Amino acid sequence: MSAIDVVGQYGAAIAAGDMDALVATLADDVVWHQPGANQRSGDHVGPEAVLAHLGAFMRVSGGTFTLETESATEAGDLVATTVRFTARRDGAVLDQHGVDVFRIAGDRIAEIWLISEDQPAEDLFWG
């Protein structure tokens, strides 16, 4: 399976809200690098930590958090995607584009780095 196919499975699982399928795309020691200076920032290691992290986005946003992959390209074991993510919280709206970079090892996601178009606004939104 190609690296871009693995990321495609991840994106489909996110879009469907299928957490079992999502976990199946993650390496046992996956590292999610969340940028910024907010309560969600930092490294999240392992599938359970990644699920808890994504769950926190849903909890804090009252279930309104969405993530849509717009495009993807690969270079060896790296895949870069352009994404749009949205959420609502306490009357505030987060609606941004970004770039997510995935490192694939075997048929699993080993690392994910996220880059937001406006990190200060995202930090303000998540608190």
# chains A, B, ... in the order shown; residues from 1 in each chain; ligands from 1
>>> residues_around(residues="Ala110 of chain A", least_positions_apart="2", cutoff="7 Å", atoms="only C-alpha atoms", output="number ranges by chain")
A: 26-27, 29-31, 103-105, 108
>>> write_last_selection(atoms="C-alpha atoms", output="tab-separated table (two decimals), in the first residue's frame")
chain	number	residue	atom	x	y	z
A	26	LEU	CA	-1.92	4.43	13.30
A	27	ALA	CA	1.38	2.87	14.37
A	29	ASP	CA	4.00	4.49	18.75
A	30	VAL	CA	2.42	7.18	16.54
A	31	VAL	CA	3.27	10.78	17.51
A	103	ARG	CA	5.29	10.11	7.96
A	104	ILE	CA	4.34	6.57	7.04
A	105	ALA	CA	6.22	3.50	8.30
A	108	ARG	CA	0.78	2.84	9.28
>>> select_by_dssp(residues="segment 14-109 of chain A", states="strand (DSSP E or B)", output="ChimeraX atom specification")
/A:26-34,42-45,66-75,78-89,92-105,108-109
>>> closest_residue(among="A:Leu54, A:His44, A:Gly63, A:Val7", to="Met19 of chain A", atoms="only C-alpha atoms")
A:Leu54
>>> closest_atom_pairs(of="segment 32-104 of chain A", to="segment 111-126 of chain A", cutoff="10 Å", atoms="only C-alpha atoms", output="CSV")
residue,atom,partner,partner_atom,distance
A:Trp32,CA,A:Ile112,CA,4.8
A:His33,CA,A:Trp113,CA,5.0
A:Gln34,CA,A:Leu114,CA,6.1
A:Pro35,CA,A:Leu114,CA,6.6
A:Gly36,CA,A:Asp123,CA,6.2
A:Ala37,CA,A:Asp123,CA,5.9
A:Asn38,CA,A:Asp123,CA,5.0
A:Gln39,CA,A:Trp126,CA,6.5
A:Arg40,CA,A:Trp126,CA,7.0
A:Ser41,CA,A:Asp123,CA,8.6
A:Asp43,CA,A:Trp113,CA,9.5
A:His44,CA,A:Ile112,CA,9.8
A:Val45,CA,A:Glu111,CA,9.2
A:Gly46,CA,A:Glu111,CA,10.0
A:Phe57,CA,A:Trp126,CA,8.4
A:Val60,CA,A:Trp126,CA,7.8
A:Ser61,CA,A:Trp126,CA,8.7
A:Leu78,CA,A:Glu111,CA,9.5
A:Val79,CA,A:Ile112,CA,9.5
A:Ala80,CA,A:Trp113,CA,9.4
A:Thr81,CA,A:Leu114,CA,9.7
A:Thr82,CA,A:Ile115,CA,9.5
A:Val83,CA,A:Ser116,CA,9.2
A:Arg84,CA,A:Ser116,CA,9.4
A:Phe85,CA,A:Ser116,CA,9.3
A:Ala87,CA,A:Phe125,CA,9.0
A:Arg88,CA,A:Phe125,CA,8.7
A:Arg89,CA,A:Phe125,CA,7.5
A:Asp90,CA,A:Phe125,CA,9.4
A:Ala92,CA,A:Phe125,CA,7.1
A:Val93,CA,A:Phe125,CA,7.8
A:Leu94,CA,A:Phe125,CA,6.8
A:Asp95,CA,A:Glu122,CA,9.0
A:Gln96,CA,A:Glu117,CA,6.4
A:His97,CA,A:Glu117,CA,5.8
A:Gly98,CA,A:Ser116,CA,4.4
A:Val99,CA,A:Ile115,CA,5.1
A:Asp100,CA,A:Leu114,CA,4.5
A:Val101,CA,A:Trp113,CA,5.1
A:Phe102,CA,A:Ile112,CA,4.6
A:Arg103,CA,A:Glu111,CA,5.1
A:Ile104,CA,A:Glu111,CA,7.2
>>> residues_around(residues="Ser2 of chain A", least_positions_apart="6", cutoff="10 Å", atoms="only C-alpha atoms", output="list in words")
Gly8, Glu74, Gly76, Asp77, Val79, Ile104, Gly106 and Asp107 of chain A
>>> residues_around(residues="Ala13 of chain A", least_positions_apart="2", cutoff="12 Å", atoms="only C-alpha atoms", output="ChimeraX atom specification")
/A:6-11,15-26,67-69
>>> select_by_dssp(residues="chain A", states="alpha helix (DSSP H)", output="ChimeraX atom specification")
/A:3-16,19-24,47-60,119-126
>>> decode(residues="chain A", atoms="C-alpha atoms", output="mmCIF file, in the first residue's frame")
data_model
loop_
_atom_site.group_PDB
_atom_site.id
_atom_site.type_symbol
_atom_site.label_atom_id
_atom_site.label_comp_id
_atom_site.auth_asym_id
_atom_site.auth_seq_id
_atom_site.Cartn_x
_atom_site.Cartn_y
_atom_site.Cartn_z
ATOM 1 C CA MET A 1 0.000 0.000 0.000
ATOM 2 C CA SER A 2 1.354 3.452 -0.869
ATOM 3 C CA ALA A 3 1.838 6.181 1.714
ATOM 4 C CA ILE A 4 -0.915 8.261 0.123
ATOM 5 C CA ASP A 5 -3.300 5.284 0.342
ATOM 6 C CA VAL A 6 -2.665 5.015 4.103
ATOM 7 C CA VAL A 7 -3.434 8.710 4.561
ATOM 8 C CA GLY A 8 -6.529 8.263 2.386
ATOM 9 C CA GLN A 9 -7.778 5.555 4.745
ATOM 10 C CA TYR A 10 -7.093 7.872 7.710
ATOM 11 C CA GLY A 11 -9.058 10.694 6.045
ATOM 12 C CA ALA A 12 -11.978 8.416 5.234
ATOM 13 C CA ALA A 13 -12.069 7.158 8.826
ATOM 14 C CA ILE A 14 -12.039 10.735 10.196
ATOM 15 C CA ALA A 15 -14.816 11.788 7.801
ATOM 16 C CA ALA A 16 -16.951 8.775 8.769
ATOM 17 C CA GLY A 17 -16.254 9.099 12.494
ATOM 18 C CA ASP A 18 -15.022 5.491 12.447
ATOM 19 C CA MET A 19 -12.569 5.365 15.326
ATOM 20 C CA ASP A 20 -11.746 1.658 14.856
ATOM 21 C CA ALA A 21 -10.751 2.323 11.243
ATOM 22 C CA LEU A 22 -8.792 5.383 12.365
ATOM 23 C CA VAL A 23 -6.823 3.395 14.942
ATOM 24 C CA ALA A 24 -6.056 0.786 12.259
ATOM 25 C CA THR A 25 -4.115 3.475 10.329
ATOM 26 C CA LEU A 26 -1.920 4.435 13.300
ATOM 27 C CA ALA A 27 1.377 2.873 14.372
ATOM 28 C CA ASP A 28 1.551 1.662 17.966
ATOM 29 C CA ASP A 29 4.003 4.487 18.746
ATOM 30 C CA VAL A 30 2.419 7.185 16.541
ATOM 31 C CA VAL A 31 3.269 10.775 17.509
ATOM 32 C CA TRP A 32 0.791 13.597 16.802
ATOM 33 C CA HIS A 33 2.568 16.979 16.969
ATOM 34 C CA GLN A 34 -0.061 19.644 17.763
ATOM 35 C CA PRO A 35 1.388 23.147 17.347
ATOM 36 C CA GLY A 36 0.633 26.319 19.213
ATOM 37 C CA ALA A 37 0.234 27.549 22.746
ATOM 38 C CA ASN A 38 -3.208 26.334 23.794
ATOM 39 C CA GLN A 39 -4.741 23.559 25.882
ATOM 40 C CA ARG A 40 -4.578 21.133 22.910
ATOM 41 C CA SER A 41 -0.907 21.835 22.005
ATOM 42 C CA GLY A 42 1.901 19.344 22.462
ATOM 43 C CA ASP A 43 2.862 15.832 21.441
ATOM 44 C CA HIS A 44 0.360 13.000 21.787
ATOM 45 C CA VAL A 45 1.951 9.545 21.667
ATOM 46 C CA GLY A 46 0.143 6.296 20.848
ATOM 47 C CA PRO A 47 -3.251 5.586 19.291
ATOM 48 C CA GLU A 48 -5.146 6.023 22.559
ATOM 49 C CA ALA A 49 -3.589 9.453 23.119
ATOM 50 C CA VAL A 50 -4.450 10.489 19.554
ATOM 51 C CA LEU A 51 -8.056 9.370 20.013
ATOM 52 C CA ALA A 52 -8.265 11.233 23.324
ATOM 53 C CA HIS A 53 -6.820 14.316 21.631
ATOM 54 C CA LEU A 54 -9.373 14.203 18.807
ATOM 55 C CA GLY A 55 -12.102 13.517 21.359
ATOM 56 C CA ALA A 56 -11.078 16.647 23.244
ATOM 57 C CA PHE A 57 -11.582 18.708 20.073
ATOM 58 C CA MET A 58 -15.095 17.286 19.844
ATOM 59 C CA ARG A 59 -15.835 17.770 23.548
ATOM 60 C CA VAL A 60 -14.563 21.364 23.719
ATOM 61 C CA SER A 61 -16.415 22.306 20.521
ATOM 62 C CA GLY A 62 -19.675 20.651 21.566
ATOM 63 C CA GLY A 63 -19.312 18.097 18.768
ATOM 64 C CA THR A 64 -18.887 20.682 16.000
ATOM 65 C CA PHE A 65 -15.232 20.011 15.095
ATOM 66 C CA THR A 66 -14.777 18.868 11.483
ATOM 67 C CA LEU A 67 -11.686 18.077 9.430
ATOM 68 C CA GLU A 68 -11.783 17.802 5.638
ATOM 69 C CA THR A 69 -8.852 16.788 3.442
ATOM 70 C CA GLU A 70 -8.760 18.923 0.307
ATOM 71 C CA SER A 71 -5.679 17.554 -1.473
ATOM 72 C CA ALA A 72 -2.770 15.196 -0.893
ATOM 73 C CA THR A 73 0.644 14.566 -2.395
ATOM 74 C CA GLU A 74 3.404 12.150 -1.481
ATOM 75 C CA ALA A 75 7.179 11.968 -1.546
ATOM 76 C CA GLY A 76 8.398 8.551 -0.461
ATOM 77 C CA ASP A 77 7.188 7.911 3.066
ATOM 78 C CA LEU A 78 5.903 11.486 3.528
ATOM 79 C CA VAL A 79 2.446 12.736 2.611
ATOM 80 C CA ALA A 80 1.360 16.380 2.751
ATOM 81 C CA THR A 81 -2.333 17.204 2.770
ATOM 82 C CA THR A 82 -4.144 20.500 2.599
ATOM 83 C CA VAL A 83 -7.050 20.534 5.020
ATOM 84 C CA ARG A 84 -9.904 22.680 6.220
ATOM 85 C CA PHE A 85 -10.976 22.448 9.831
ATOM 86 C CA THR A 86 -13.915 24.090 11.526
ATOM 87 C CA ALA A 87 -15.438 24.253 14.989
ATOM 88 C CA ARG A 88 -17.728 26.411 17.102
ATOM 89 C CA ARG A 89 -17.294 27.257 20.759
ATOM 90 C CA ASP A 90 -19.073 29.772 22.996
ATOM 91 C CA GLY A 91 -20.204 31.841 20.003
ATOM 92 C CA ALA A 92 -16.744 31.825 18.394
ATOM 93 C CA VAL A 93 -16.115 30.192 15.018
ATOM 94 C CA LEU A 94 -12.880 28.530 13.928
ATOM 95 C CA ASP A 95 -12.627 28.094 10.155
ATOM 96 C CA GLN A 96 -9.104 27.625 8.842
ATOM 97 C CA HIS A 97 -7.020 25.888 6.249
ATOM 98 C CA GLY A 98 -3.810 24.122 7.049
ATOM 99 C CA VAL A 99 -1.261 21.580 6.007
ATOM 100 C CA ASP A 100 -0.878 18.194 7.701
ATOM 101 C CA VAL A 101 2.312 16.234 7.088
ATOM 102 C CA PHE A 102 2.340 12.473 7.702
ATOM 103 C CA ARG A 103 5.293 10.107 7.959
ATOM 104 C CA ILE A 104 4.339 6.570 7.037
ATOM 105 C CA ALA A 105 6.219 3.500 8.299
ATOM 106 C CA GLY A 106 5.096 0.248 6.701
ATOM 107 C CA ASP A 107 1.347 0.593 6.269
ATOM 108 C CA ARG A 108 0.783 2.841 9.280
ATOM 109 C CA ILE A 109 1.046 6.500 10.224
ATOM 110 C CA ALA A 110 4.115 7.012 12.425
ATOM 111 C CA GLU A 111 4.009 10.800 12.840
ATOM 112 C CA ILE A 112 1.715 13.700 12.060
ATOM 113 C CA TRP A 113 2.684 17.385 12.036
ATOM 114 C CA LEU A 114 0.007 20.080 11.708
ATOM 115 C CA ILE A 115 0.418 23.617 10.388
ATOM 116 C CA SER A 116 -2.433 26.116 10.722
ATOM 117 C CA GLU A 117 -2.900 29.193 8.560
ATOM 118 C CA ASP A 118 -3.429 31.372 11.655
ATOM 119 C CA GLN A 119 -1.961 29.749 14.762
ATOM 120 C CA PRO A 120 -2.647 32.719 17.094
ATOM 121 C CA ALA A 121 -6.365 32.612 16.165
ATOM 122 C CA GLU A 122 -6.440 28.854 16.710
ATOM 123 C CA ASP A 123 -4.714 29.271 20.097
ATOM 124 C CA LEU A 124 -7.321 31.861 21.100
ATOM 125 C CA PHE A 125 -10.160 29.582 20.021
ATOM 126 C CA TRP A 126 -8.969 26.491 21.947
ATOM 127 C CA GLY A 127 -7.924 28.542 25.005
#
